[in-house]
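This is model_20.cif. It holds mmCIF, C-alpha atoms and all ligand atoms.
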```cif
data_upload
#
loop_
_atom_site.label_atom_id
_atom_site.label_comp_id
_atom_site.auth_asym_id
_atom_site.auth_seq_id
_atom_site.Cartn_x
_atom_site.Cartn_y
_atom_site.Cartn_z
CA MET A 1 -11.77 -14.03 0.95
CA TYR A 2 -9.30 -15.76 -1.33
CA LYS A 3 -10.65 -18.67 -3.40
CA LYS A 4 -10.44 -22.03 -1.71
CA ILE A 5 -8.08 -24.40 -3.46
CA SER A 6 -8.50 -28.00 -4.47
CA LEU A 7 -5.63 -30.49 -4.69
CA ASP A 8 -5.33 -34.22 -5.11
CA ASP A 9 -3.21 -34.05 -1.98
CA LYS A 10 -5.99 -33.64 0.59
CA GLU A 11 -3.62 -33.34 3.51
CA ILE A 12 -1.96 -30.19 2.15
CA GLU A 13 -5.21 -28.92 0.61
CA GLU A 14 -6.86 -28.90 4.01
CA LEU A 15 -4.01 -27.04 5.67
CA ILE A 16 -3.86 -24.39 2.95
CA ASN A 17 -7.61 -23.83 3.23
CA LEU A 18 -7.36 -23.62 7.02
CA GLU A 19 -4.63 -21.01 6.64
CA ASN A 20 -6.86 -19.15 4.17
CA GLN A 21 -9.63 -19.11 6.77
CA ARG A 22 -7.20 -17.99 9.48
CA LEU A 23 -6.08 -15.08 7.29
CA GLU A 24 -9.71 -14.13 6.79
CA ASP A 25 -10.69 -14.35 10.47
CA HIS A 26 -7.71 -12.59 11.99
CA VAL A 27 -6.83 -8.95 12.22
CA GLU A 28 -3.34 -8.93 10.73
CA LEU A 29 -1.13 -6.28 12.30
CA ILE A 30 2.29 -7.81 11.67
CA ALA A 31 4.11 -4.90 10.05
CA SER A 32 5.97 -7.04 7.52
CA GLU A 33 2.89 -8.83 6.16
CA ASN A 34 0.27 -7.89 3.60
CA TYR A 35 -2.43 -9.46 1.40
CA VAL A 36 -1.41 -9.84 -2.24
CA SER A 37 -3.91 -9.89 -5.09
CA GLU A 38 -5.00 -13.17 -6.60
CA ASP A 39 -3.22 -12.15 -9.81
CA VAL A 40 0.05 -12.16 -7.88
CA MET A 41 -0.81 -15.61 -6.53
CA LYS A 42 -1.73 -16.90 -9.99
CA ALA A 43 1.62 -15.84 -11.42
CA ASN A 44 3.30 -17.44 -8.41
CA GLY A 45 1.43 -20.69 -8.96
CA SER A 46 2.11 -20.82 -12.70
CA CYS A 47 4.06 -23.19 -14.96
CA LEU A 48 7.06 -20.88 -14.65
CA THR A 49 8.13 -22.87 -11.60
CA ASN A 50 9.46 -25.49 -14.04
CA LYS A 51 11.99 -23.31 -15.80
CA TYR A 52 15.72 -23.25 -15.24
CA ALA A 53 17.46 -20.16 -16.58
CA GLU A 54 20.67 -19.41 -14.74
CA GLY A 55 22.17 -16.13 -15.87
CA TYR A 56 20.47 -12.94 -17.04
CA PRO A 57 18.17 -12.07 -19.99
CA ASN A 58 19.81 -13.00 -23.31
CA LYS A 59 22.83 -14.41 -21.43
CA ARG A 60 21.53 -17.71 -20.09
CA TYR A 61 23.18 -21.05 -19.54
CA TYR A 62 20.01 -22.88 -20.66
CA GLY A 63 17.83 -23.06 -23.76
CA GLY A 64 14.13 -22.27 -24.01
CA CYS A 65 14.41 -18.92 -22.31
CA GLU A 66 12.62 -16.71 -24.85
CA TYR A 67 9.57 -16.07 -22.64
CA VAL A 68 11.24 -15.94 -19.25
CA ASP A 69 13.75 -13.44 -20.67
CA LYS A 70 10.86 -11.12 -21.52
CA ILE A 71 9.30 -11.61 -18.11
CA GLU A 72 12.52 -10.73 -16.32
CA GLU A 73 13.02 -7.66 -18.54
CA ILE A 74 9.50 -6.42 -17.83
CA ALA A 75 10.05 -6.91 -14.09
CA GLN A 76 13.31 -4.94 -14.32
CA GLU A 77 11.73 -2.09 -16.28
CA ARG A 78 8.85 -1.78 -13.85
CA ALA A 79 11.15 -1.87 -10.82
CA LYS A 80 13.34 0.89 -12.31
CA LYS A 81 10.29 3.03 -12.99
CA LEU A 82 8.87 2.51 -9.50
CA PHE A 83 12.05 3.60 -7.76
CA ASN A 84 13.47 6.00 -10.34
CA VAL A 85 16.79 4.15 -10.68
CA LYS A 86 18.92 3.06 -13.65
CA TYR A 87 19.49 -0.62 -12.79
CA ALA A 88 17.49 -3.37 -11.11
CA ASN A 89 18.24 -6.99 -10.26
CA VAL A 90 14.92 -8.77 -9.71
CA GLN A 91 16.25 -12.26 -8.95
CA PRO A 92 16.81 -12.30 -5.14
CA TYR A 93 14.81 -15.06 -3.44
CA SER A 94 14.37 -13.06 -0.24
CA GLY A 95 15.55 -9.96 1.57
CA SER A 96 18.22 -11.75 3.56
CA VAL A 97 19.69 -13.44 0.50
CA ALA A 98 19.60 -10.11 -1.34
CA ASN A 99 21.51 -8.54 1.54
CA ALA A 100 24.10 -11.32 1.39
CA ALA A 101 24.54 -10.45 -2.30
CA VAL A 102 24.85 -6.74 -1.52
CA TYR A 103 27.60 -7.41 1.03
CA MET A 104 29.36 -9.64 -1.46
CA ALA A 105 29.17 -6.93 -4.11
CA MET A 106 30.22 -4.03 -1.88
CA VAL A 107 32.74 -5.32 0.65
CA ASP A 108 35.17 -8.19 1.24
CA PRO A 109 34.94 -10.85 3.97
CA GLY A 110 36.32 -9.44 7.23
CA ASP A 111 35.66 -5.83 6.21
CA LYS A 112 34.01 -3.45 8.64
CA VAL A 113 30.32 -2.67 8.21
CA LEU A 114 28.16 -0.41 10.37
CA GLY A 115 24.42 -0.96 10.91
CA LEU A 116 21.69 -0.25 13.44
CA ASP A 117 21.69 -2.79 16.24
CA LEU A 118 18.85 -5.31 16.39
CA ASN A 119 17.36 -3.98 19.65
CA SER A 120 17.08 -0.51 18.14
CA GLY A 121 15.11 -1.79 15.14
CA GLY A 122 17.80 -3.09 12.80
CA HIS A 123 17.59 -6.38 10.88
CA LEU A 124 19.45 -9.62 11.58
CA SER A 125 21.23 -9.27 8.24
CA HIS A 126 22.67 -5.87 9.23
CA GLY A 127 25.46 -7.40 11.31
CA TYR A 128 23.85 -9.54 14.01
CA LYS A 129 26.38 -11.95 15.43
CA ILE A 130 24.63 -15.20 14.47
CA SER A 131 23.75 -14.10 10.92
CA PHE A 132 26.11 -14.34 7.91
CA SER A 133 26.53 -10.59 8.23
CA GLY A 134 28.00 -10.82 11.72
CA LYS A 135 29.96 -13.99 11.06
CA PHE A 136 31.74 -13.12 7.82
CA TYR A 137 32.15 -9.38 8.29
CA GLU A 138 33.41 -7.22 11.13
CA ALA A 139 30.07 -5.80 12.18
CA HIS A 140 29.76 -2.63 14.25
CA THR A 141 26.54 -1.02 15.37
CA TYR A 142 24.95 2.33 16.10
CA SER A 143 21.85 2.70 18.27
CA VAL A 144 18.89 5.03 18.63
CA ASN A 145 19.00 7.68 21.38
CA ASP A 146 16.93 7.67 24.58
CA GLU A 147 13.91 8.98 22.66
CA GLY A 148 14.23 6.05 20.27
CA VAL A 149 15.36 8.29 17.40
CA LEU A 150 18.47 8.16 15.17
CA ASP A 151 21.13 10.65 16.27
CA TYR A 152 23.10 11.53 13.14
CA ASP A 153 25.89 13.35 15.01
CA LYS A 154 26.43 10.28 17.14
CA ILE A 155 26.39 8.02 14.06
CA LEU A 156 29.05 10.22 12.45
CA GLU A 157 31.14 10.01 15.61
CA ILE A 158 30.94 6.20 15.59
CA ALA A 159 31.63 6.07 11.85
CA LYS A 160 34.76 8.19 12.31
CA GLU A 161 35.97 5.83 14.99
CA VAL A 162 35.09 2.55 13.24
CA LYS A 163 35.89 3.63 9.64
CA PRO A 164 33.51 1.10 8.09
CA LYS A 165 33.64 0.23 4.41
CA MET A 166 29.84 0.26 4.25
CA ILE A 167 27.09 1.86 6.33
CA ILE A 168 23.63 0.31 6.35
CA CYS A 169 20.49 2.37 6.86
CA GLY A 170 16.86 1.26 6.62
CA TYR A 171 15.21 -0.85 9.32
CA SER A 172 12.66 -3.41 10.46
CA ALA A 173 11.22 -1.63 13.47
CA TYR A 174 11.87 2.10 13.16
CA SER A 175 8.91 4.45 12.82
CA GLN A 176 10.59 7.78 12.04
CA ILE A 177 11.79 9.25 8.73
CA VAL A 178 15.23 8.09 7.60
CA ASP A 179 17.37 11.00 6.37
CA PHE A 180 19.28 9.45 3.47
CA ALA A 181 21.00 12.78 2.66
CA LYS A 182 22.51 12.86 6.15
CA PHE A 183 23.69 9.27 5.80
CA ARG A 184 25.29 10.21 2.47
CA LYS A 185 27.20 13.03 4.16
CA ILE A 186 28.39 10.70 6.92
CA CYS A 187 29.55 8.15 4.33
CA ASP A 188 31.37 10.82 2.35
CA GLU A 189 33.16 12.03 5.47
CA VAL A 190 34.48 8.57 6.34
CA GLY A 191 34.82 7.14 2.82
CA ALA A 192 32.13 4.46 3.23
CA LYS A 193 29.60 3.10 0.76
CA LEU A 194 25.94 3.65 1.64
CA PHE A 195 23.50 0.74 1.54
CA ALA A 196 19.80 1.60 2.00
CA ASP A 197 17.62 -1.37 2.97
CA ILE A 198 14.12 0.03 2.40
CA SER A 199 12.30 -3.31 2.82
CA HIS A 200 9.64 -1.88 5.11
CA ILE A 201 9.05 1.53 3.63
CA SER A 202 9.35 0.90 -0.11
CA GLY A 203 5.61 1.38 -0.67
CA LEU A 204 5.70 4.76 1.05
CA ILE A 205 8.74 5.74 -1.02
CA ILE A 206 6.97 4.83 -4.27
CA ALA A 207 4.04 7.01 -3.22
CA GLY A 208 6.32 9.93 -2.32
CA LEU A 209 5.35 9.72 1.36
CA HIS A 210 8.90 9.02 2.53
CA PRO A 211 12.10 10.46 0.98
CA SER A 212 13.77 8.19 -1.57
CA PRO A 213 17.36 6.93 -1.19
CA SER A 214 17.85 7.13 -4.97
CA GLY A 215 20.58 9.67 -5.57
CA TYR A 216 22.05 9.14 -2.08
CA ALA A 217 22.63 5.42 -1.58
CA ASP A 218 25.16 3.47 -3.63
CA VAL A 219 22.93 0.46 -3.50
CA ILE A 220 19.32 -0.11 -2.44
CA MET A 221 17.51 -3.32 -1.49
CA THR A 222 13.84 -3.86 -0.84
CA THR A 223 11.77 -6.90 -0.11
CA THR A 224 8.71 -7.09 -2.33
CA HIS A 225 6.19 -8.39 0.21
CA LYS A 226 5.83 -5.69 2.88
CA THR A 227 4.29 -2.28 2.08
CA LEU A 228 5.05 -2.99 -1.59
CA ARG A 229 2.33 -5.72 -1.39
CA GLY A 230 3.86 -8.21 -3.78
CA THR A 231 5.06 -11.78 -3.62
CA ARG A 232 7.73 -12.78 -1.12
CA GLY A 233 11.11 -11.87 -2.51
CA ALA A 234 13.44 -8.92 -3.02
CA ILE A 235 15.12 -6.67 -5.56
CA ILE A 236 18.43 -4.79 -5.61
CA LEU A 237 18.65 -1.34 -7.19
CA THR A 238 21.45 1.07 -8.08
CA ASN A 239 22.33 3.98 -10.36
CA ASP A 240 25.96 2.90 -10.72
CA GLU A 241 26.86 0.62 -13.62
CA GLU A 242 29.96 -0.83 -11.95
CA ILE A 243 28.03 -1.63 -8.77
CA PHE A 244 25.25 -3.16 -10.87
CA LYS A 245 27.72 -5.53 -12.52
CA ARG A 246 29.07 -6.59 -9.15
CA VAL A 247 25.55 -7.03 -7.77
CA ASN A 248 24.63 -9.24 -10.72
CA SER A 249 27.62 -11.53 -10.16
CA ALA A 250 26.96 -11.56 -6.42
CA VAL A 251 23.33 -12.63 -6.89
CA PHE A 252 24.28 -15.27 -9.48
CA PRO A 253 26.52 -17.18 -9.14
CA GLY A 254 27.54 -15.54 -5.84
CA VAL A 255 24.75 -16.54 -3.50
CA GLN A 256 21.99 -17.97 -5.69
CA GLY A 257 21.46 -20.55 -8.41
CA GLY A 258 18.65 -20.47 -10.95
CA PRO A 259 16.17 -17.63 -10.63
CA LEU A 260 12.59 -18.45 -9.59
CA PHE A 261 10.54 -17.33 -12.58
CA HIS A 262 7.16 -17.86 -10.98
CA GLN A 263 8.35 -15.46 -8.30
CA ILE A 264 9.82 -12.97 -10.78
CA ALA A 265 6.55 -12.95 -12.78
CA ALA A 266 4.62 -12.39 -9.54
CA LYS A 267 6.96 -9.51 -8.70
CA ALA A 268 6.27 -8.00 -12.13
CA VAL A 269 2.50 -8.30 -11.59
CA SER A 270 2.73 -6.55 -8.22
CA PHE A 271 4.99 -3.83 -9.69
CA ARG A 272 2.31 -3.10 -12.29
CA GLU A 273 -0.22 -2.79 -9.47
CA ALA A 274 2.16 -0.47 -7.62
CA LEU A 275 2.41 1.75 -10.71
CA GLN A 276 -1.35 2.46 -10.64
CA PRO A 277 -2.88 5.52 -8.94
CA GLU A 278 -4.78 3.21 -6.54
CA PHE A 279 -1.47 2.28 -4.99
CA ILE A 280 -0.74 5.88 -4.01
CA ASP A 281 -4.18 6.14 -2.42
CA TYR A 282 -3.48 2.92 -0.55
CA GLN A 283 -0.18 4.22 0.82
CA LYS A 284 -1.80 7.51 1.88
CA GLN A 285 -4.51 5.61 3.72
CA LEU A 286 -2.02 3.23 5.34
CA LEU A 287 -0.11 6.22 6.72
CA LEU A 288 -3.27 7.92 8.03
CA ASN A 289 -4.31 4.65 9.67
CA SER A 290 -0.97 4.05 11.31
CA LYS A 291 -0.78 7.60 12.65
CA ILE A 292 -4.29 7.69 14.06
CA MET A 293 -3.90 4.30 15.69
CA CYS A 294 -0.60 5.36 17.22
CA GLN A 295 -2.13 8.66 18.40
CA THR A 296 -5.01 6.77 20.03
CA PHE A 297 -2.50 4.81 22.11
CA LEU A 298 -0.54 7.97 22.94
CA ASN A 299 -3.74 9.66 24.14
CA LYS A 300 -4.16 6.83 26.64
CA GLY A 301 -0.68 7.39 28.04
CA VAL A 302 0.74 4.27 26.36
CA LYS A 303 4.51 4.41 25.76
CA ILE A 304 5.33 4.32 22.04
CA ILE A 305 9.00 4.04 21.07
CA SER A 306 10.06 7.34 19.42
CA GLY A 307 6.56 8.84 19.73
CA LEU A 308 4.06 9.40 16.91
CA THR A 309 4.90 7.22 13.93
CA GLN A 310 5.85 8.67 10.54
CA ASN A 311 5.37 5.42 8.62
CA HIS A 312 3.24 2.25 8.58
CA LEU A 313 4.47 0.83 11.88
CA PHE A 314 5.12 1.62 15.53
CA MET A 315 6.31 -0.17 18.62
CA ILE A 316 4.51 -0.28 21.94
CA ASP A 317 6.57 -0.68 25.10
CA VAL A 318 4.13 -3.09 26.75
CA LYS A 319 6.40 -3.62 29.75
CA THR A 320 6.24 0.03 30.81
CA SER A 321 2.69 0.60 29.61
CA TYR A 322 0.91 -2.52 30.82
CA GLY A 323 3.41 -4.37 33.01
CA ILE A 324 3.50 -7.42 30.72
CA THR A 325 6.08 -8.90 28.32
CA GLY A 326 5.91 -8.75 24.54
CA LYS A 327 5.57 -12.52 24.47
CA TYR A 328 2.53 -12.49 26.74
CA ALA A 329 0.96 -9.53 24.92
CA THR A 330 1.31 -11.39 21.61
CA GLU A 331 -0.28 -14.52 23.08
CA VAL A 332 -3.25 -12.78 24.64
CA LEU A 333 -3.94 -10.73 21.48
CA GLY A 334 -3.72 -13.99 19.54
CA ARG A 335 -6.56 -15.35 21.66
CA VAL A 336 -8.86 -12.61 20.38
CA ASN A 337 -7.71 -13.13 16.77
CA ILE A 338 -5.40 -10.13 16.61
CA THR A 339 -1.99 -11.05 15.17
CA VAL A 340 1.06 -8.98 16.16
CA ASN A 341 4.69 -9.84 16.87
CA LYS A 342 6.75 -9.33 19.98
CA ASN A 343 9.77 -7.14 19.43
CA THR A 344 12.75 -6.07 21.50
CA ILE A 345 12.84 -2.36 22.31
CA PRO A 346 15.93 -0.15 22.77
CA ASN A 347 17.84 -1.21 25.91
CA ASP A 348 15.51 -4.17 26.37
CA SER A 349 16.03 -6.10 29.61
CA GLU A 350 14.27 -9.18 28.18
CA LYS A 351 15.79 -11.58 25.67
CA PRO A 352 14.48 -11.47 22.06
CA THR A 353 12.27 -14.55 22.60
CA VAL A 354 10.41 -12.72 25.39
CA ALA A 355 10.93 -8.99 24.57
CA SER A 356 9.33 -5.93 26.18
CA GLY A 357 7.57 -4.59 23.11
CA ILE A 358 5.15 -5.42 20.34
CA ARG A 359 5.31 -4.09 16.80
CA ILE A 360 2.13 -3.01 15.04
CA GLY A 361 1.72 -2.20 11.35
CA SER A 362 -1.18 -0.92 9.25
CA ALA A 363 -0.24 -2.26 5.78
CA ALA A 364 -2.29 -5.47 5.74
CA MET A 365 -5.53 -4.22 7.30
CA THR A 366 -5.46 -1.12 5.10
CA SER A 367 -5.44 -3.53 2.12
CA ARG A 368 -8.76 -4.91 3.47
CA GLY A 369 -10.28 -1.42 3.34
CA LEU A 370 -10.09 -0.37 7.00
CA LYS A 371 -9.93 3.37 7.50
CA GLU A 372 -9.28 5.70 10.46
CA ASP A 373 -12.49 4.84 12.35
CA GLU A 374 -11.71 1.13 12.35
CA PHE A 375 -8.09 1.66 13.36
CA ILE A 376 -9.27 3.73 16.35
CA ILE A 377 -11.62 0.88 17.29
CA LEU A 378 -8.72 -1.57 17.00
CA ALA A 379 -6.46 0.56 19.20
CA ASN A 380 -9.21 0.76 21.84
CA LEU A 381 -9.77 -3.01 21.78
CA ILE A 382 -6.05 -3.78 22.01
CA ASP A 383 -5.62 -1.33 24.88
CA LYS A 384 -8.53 -2.90 26.79
CA VAL A 385 -7.14 -6.40 26.36
CA LEU A 386 -3.59 -5.47 27.39
CA ARG A 387 -4.85 -3.62 30.48
CA ASP A 388 -6.90 -6.59 31.65
CA PRO A 389 -5.43 -9.68 29.95
CA GLU A 390 -6.87 -12.20 32.40
CA ASN A 391 -10.44 -11.03 32.11
CA GLU A 392 -11.96 -13.97 30.19
CA ASN A 393 -15.26 -12.21 29.76
CA LEU A 394 -13.54 -9.23 28.15
CA LEU A 395 -11.56 -11.50 25.82
CA TYR A 396 -14.81 -13.17 24.76
CA VAL A 397 -16.46 -9.82 23.99
CA VAL A 398 -13.41 -8.47 22.11
CA LYS A 399 -13.13 -11.61 20.00
CA LYS A 400 -16.74 -11.08 18.90
CA GLU A 401 -16.00 -7.47 17.98
CA ILE A 402 -13.02 -8.64 15.93
CA ALA A 403 -15.22 -11.17 14.12
CA LYS A 404 -17.63 -8.37 13.20
CA LEU A 405 -14.76 -6.33 11.82
CA THR A 406 -13.17 -9.12 9.79
CA ASN A 407 -16.60 -10.10 8.39
CA SER A 408 -17.24 -6.53 7.28
CA PHE A 409 -13.83 -6.21 5.61
CA PRO A 410 -13.09 -9.43 3.69
CA ILE A 411 -9.69 -9.89 2.05
CA LYS A 412 -9.84 -8.37 -1.44
CA ARG A 413 -8.95 -10.52 -4.43
CA SER A 414 -7.88 -7.50 -6.44
CA HIS A 415 -6.49 -4.15 -5.40
CA LEU A 416 -7.33 -2.43 -8.66
CA VAL A 417 -10.58 -0.59 -9.33
CA ARG A 418 -11.97 -2.19 -12.45
C1 LIG B 501 12.19 -8.10 6.19
C2 LIG B 501 13.51 -7.49 6.11
C3 LIG B 501 14.59 -8.17 5.53
C4 LIG B 501 14.60 -9.63 5.17
O1 LIG B 501 13.65 -10.13 4.38
P1 LIG B 501 13.41 -11.71 4.25
O2 LIG B 501 12.69 -11.79 2.95
O3 LIG B 501 12.60 -12.11 5.44
O4 LIG B 501 14.72 -12.39 4.22
C5 LIG B 501 15.79 -7.48 5.39
N1 LIG B 501 15.93 -6.23 5.82
C6 LIG B 501 14.91 -5.56 6.43
C7 LIG B 501 15.14 -4.16 6.91
C8 LIG B 501 13.69 -6.17 6.60
O5 LIG B 501 12.71 -5.53 7.24
#
```

What would you get if you wrote out this structure as structure tokens?
Amino acid sequence: MYKKISLDDKEIEELINLENQRLEDHVELIASENYVSEDVMKANGSCLTNKYAEGYPNKRYYGGCEYVDKIEEIAQERAKKLFNVKYANVQPYSGSVANAAVYMAMVDPGDKVLGLDLNSGGHLSHGYKISFSGKFYEAHTYSVNDEGVLDYDKILEIAKEVKPKMIICGYSAYSQIVDFAKFRKICDEVGAKLFADISHISGLIIAGLHPSPSGYADVIMTTTHKTLRGTRGAIILTNDEEIFKRVNSAVFPGVQGGPLFHQIAAKAVSFREALQPEFIDYQKQLLLNSKIMCQTFLNKGVKIISGLTQNHLFMIDVKTSYGITGKYATEVLGRVNITVNKNTIPNDSEKPTVASGIRIGSAAMTSRGLKEDEFIILANLIDKVLRDPENENLLYVVKKEIAKLTNSFPIKRSHLVR
């Protein structure tokens, strides 16, 4: 368990400690969450939060930047090494803000962009109508096919018709391998730039368990808090010097003000962790766990979107499989201390706030040390609950099983073997 904290402000202290206990007691299966090390939290909670340093290392608008310059440079160097790229901007506050900067760097307002639609597993910032990306740009979408898989011939067909200036690949709820080489070919055929948003799969890419977009995409963005297991935030990567310059101006002063140095230092700390051999072992285990859990559901006849997962996450069609909505499934699993999120599925008949699916990810619980055996147990418990969600006695028994599991696998304060 993470250390309890003590503040003069007892109101906030209590809530933080309650959240700490909730993290400890719950099985965390939200695919975009993870448990960072206490070193990452220490950097995040450091004095660096005081510092203003608009600009970039050695080109600041403020004095007193000698130490934060070094911190930002170290973060950049580590990011470049992790992803095998020439340039890295480590300032983005979050994935969505980073994406806003990428758009600003790559296309003009009103230009056509092409991304996966939200129901198929895309992200809000890939052109959804109520996000900046759908409001300020002419957003077009491609979808997955009836099997829930990307159809590259169909994407090419749409791209030829739309003629977008930029195509976005990389997703929030897609469990199959993304073929960046094929996307590159499509972009070359229609004269579009390729933007790879690898927020979810960046950890797997670092470990060589998913192909890398480096060498194919013009620009790459990843959040730092999903499989990468760092602080909340994002980075933008490229191999093209001209694009890098435009990205830098788009991040600051385009969409952001002063960089958050406590966050940048925490990113650097997590990048160092990700450069260690333990991180590769972690990614291998996370993939084994996700696959065996998914296979356990498949063996029971449960409908998984796009079949056996190839990454850390998969989506269950709970409507078809159990006759319940994603919203209800999330609530009932919450009652036994299992945290998941509802998610729309391709061609969903429910609105996003209800949804017909749930998304499950293995990144966080793998960080607690769970292996294949425990993920099979989890799949069995979840299946039992979703088959019989009104059986109070069952819920009581499952909650006790979950408590046993969370007690046996406390949150680790460090991910490095010392
Ligand atoms: C999570 C995610 C984002 C956005 O990240 P935030 O930090 O929540 O803004 C962007 N793109 C994809 C594909 C994501 O999964």

What are the nearest atom pairs, with distances in Å to one decimal, for all residues of chain A that come at most 10 Å from ligand LIG 501 (chain B), using all atoms listed in the file, set out by chain and rising residue number as a tab-separated table?
```
residue	atom	partner	partner_atom	distance
A:Ala31	CA	B:LIG501	O5	9.1
A:Ser32	CA	B:LIG501	C1	6.4
A:Glu33	CA	B:LIG501	C1	9.3
A:Pro92	CA	B:LIG501	O2	9.1
A:Tyr93	CA	B:LIG501	O2	7.5
A:Ser94	CA	B:LIG501	O2	3.8
A:Gly95	CA	B:LIG501	O1	3.4
A:Ser96	CA	B:LIG501	O4	3.6
A:Val97	CA	B:LIG501	O4	6.3
A:Ala98	CA	B:LIG501	O4	7.7
A:Asn99	CA	B:LIG501	C5	7.0
A:Ala100	CA	B:LIG501	O4	9.9
A:Gly121	CA	B:LIG501	C7	8.6
A:Gly122	CA	B:LIG501	C7	6.6
A:His123	CA	B:LIG501	C7	5.2
A:Leu124	CA	B:LIG501	C5	7.5
A:Ser125	CA	B:LIG501	C5	6.4
A:His126	CA	B:LIG501	N1	7.6
A:Ile168	CA	B:LIG501	C7	9.6
A:Cys169	CA	B:LIG501	C7	8.4
A:Gly170	CA	B:LIG501	C7	5.7
A:Tyr171	CA	B:LIG501	C7	4.1
A:Ser172	CA	B:LIG501	O5	3.9
A:Ala173	CA	B:LIG501	O5	7.5
A:Tyr174	CA	B:LIG501	C7	9.4
A:Ala196	CA	B:LIG501	C7	8.9
A:Asp197	CA	B:LIG501	C7	5.4
A:Ile198	CA	B:LIG501	C7	6.2
A:Ser199	CA	B:LIG501	C8	4.9
A:His200	CA	B:LIG501	O5	5.2
A:Ile201	CA	B:LIG501	O5	8.7
A:Met221	CA	B:LIG501	N1	8.0
A:Thr222	CA	B:LIG501	N1	7.4
A:Thr223	CA	B:LIG501	O2	5.8
A:Thr224	CA	B:LIG501	O2	8.1
A:His225	CA	B:LIG501	O2	7.8
A:Lys226	CA	B:LIG501	C1	7.6
A:Arg232	CA	B:LIG501	O2	6.5
A:Gly233	CA	B:LIG501	O2	5.7
A:Ala234	CA	B:LIG501	O2	6.7
```

Using C-alpha atoms, can you write the selected residues to a file as an mmCIF file, in the frame of the given file?
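Once everything was written out, this is result-v4.cif:
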```cif
data_model
loop_
_atom_site.group_PDB
_atom_site.id
_atom_site.type_symbol
_atom_site.label_atom_id
_atom_site.label_comp_id
_atom_site.auth_asym_id
_atom_site.auth_seq_id
_atom_site.Cartn_x
_atom_site.Cartn_y
_atom_site.Cartn_z
ATOM 1 C CA ALA A 31 4.110 -4.900 10.050
ATOM 2 C CA SER A 32 5.970 -7.040 7.520
ATOM 3 C CA GLU A 33 2.890 -8.830 6.160
ATOM 4 C CA PRO A 92 16.810 -12.300 -5.140
ATOM 5 C CA TYR A 93 14.810 -15.060 -3.440
ATOM 6 C CA SER A 94 14.370 -13.060 -0.240
ATOM 7 C CA GLY A 95 15.550 -9.960 1.570
ATOM 8 C CA SER A 96 18.220 -11.750 3.560
ATOM 9 C CA VAL A 97 19.690 -13.440 0.500
ATOM 10 C CA ALA A 98 19.600 -10.110 -1.340
ATOM 11 C CA ASN A 99 21.510 -8.540 1.540
ATOM 12 C CA ALA A 100 24.100 -11.320 1.390
ATOM 13 C CA GLY A 121 15.110 -1.790 15.140
ATOM 14 C CA GLY A 122 17.800 -3.090 12.800
ATOM 15 C CA HIS A 123 17.590 -6.380 10.880
ATOM 16 C CA LEU A 124 19.450 -9.620 11.580
ATOM 17 C CA SER A 125 21.230 -9.270 8.240
ATOM 18 C CA HIS A 126 22.670 -5.870 9.230
ATOM 19 C CA ILE A 168 23.630 0.310 6.350
ATOM 20 C CA CYS A 169 20.490 2.370 6.860
ATOM 21 C CA GLY A 170 16.860 1.260 6.620
ATOM 22 C CA TYR A 171 15.210 -0.850 9.320
ATOM 23 C CA SER A 172 12.660 -3.410 10.460
ATOM 24 C CA ALA A 173 11.220 -1.630 13.470
ATOM 25 C CA TYR A 174 11.870 2.100 13.160
ATOM 26 C CA ALA A 196 19.800 1.600 2.000
ATOM 27 C CA ASP A 197 17.620 -1.370 2.970
ATOM 28 C CA ILE A 198 14.120 0.030 2.400
ATOM 29 C CA SER A 199 12.300 -3.310 2.820
ATOM 30 C CA HIS A 200 9.640 -1.880 5.110
ATOM 31 C CA ILE A 201 9.050 1.530 3.630
ATOM 32 C CA MET A 221 17.510 -3.320 -1.490
ATOM 33 C CA THR A 222 13.840 -3.860 -0.840
ATOM 34 C CA THR A 223 11.770 -6.900 -0.110
ATOM 35 C CA THR A 224 8.710 -7.090 -2.330
ATOM 36 C CA HIS A 225 6.190 -8.390 0.210
ATOM 37 C CA LYS A 226 5.830 -5.690 2.880
ATOM 38 C CA ARG A 232 7.730 -12.780 -1.120
ATOM 39 C CA GLY A 233 11.110 -11.870 -2.510
ATOM 40 C CA ALA A 234 13.440 -8.920 -3.020
#
```

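For the set A:Pro410, A:Ser356, A:Lys42, A:Cys187, the residue with the smallest atom-to-atom gap to Arg22 of chain A is A:Pro410, counting only C-alpha atoms.
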
_Distance criterion (all atoms listed in the file): nearest to Asn145 of chain A out of A:Ser306, A:Ser321, A:Asn58, A:Gln285_ =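 Answer, going by the shortest atom-to-atom distance: A:Ser306.
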
_At a cut-off of 8 Å, using only C-alpha atoms, what residues contact Leu386 of chain A? Leave out same-chain residues fewer than 2 positions from it and give the result as a list in words._
Tyr322, Ala329, Val332, Leu333, Ile382, Asp383, Lys384, Asp388 and Pro389 of chain A

Residues from the last selection, C-alpha atoms, saved as a PDB file, in the frame of the given file:
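Produced file out.pdb, reproduced below:
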```
ATOM      1  CA  TYR A 322       0.910  -2.520  30.820  1.00  0.00           C
ATOM      2  CA  ALA A 329       0.960  -9.530  24.920  1.00  0.00           C
ATOM      3  CA  VAL A 332      -3.250 -12.780  24.640  1.00  0.00           C
ATOM      4  CA  LEU A 333      -3.940 -10.730  21.480  1.00  0.00           C
ATOM      5  CA  ILE A 382      -6.050  -3.780  22.010  1.00  0.00           C
ATOM      6  CA  ASP A 383      -5.620  -1.330  24.880  1.00  0.00           C
ATOM      7  CA  LYS A 384      -8.530  -2.900  26.790  1.00  0.00           C
ATOM      8  CA  ASP A 388      -6.900  -6.590  31.650  1.00  0.00           C
ATOM      9  CA  PRO A 389      -5.430  -9.680  29.950  1.00  0.00           C
TER      10      PRO A 389
END
```
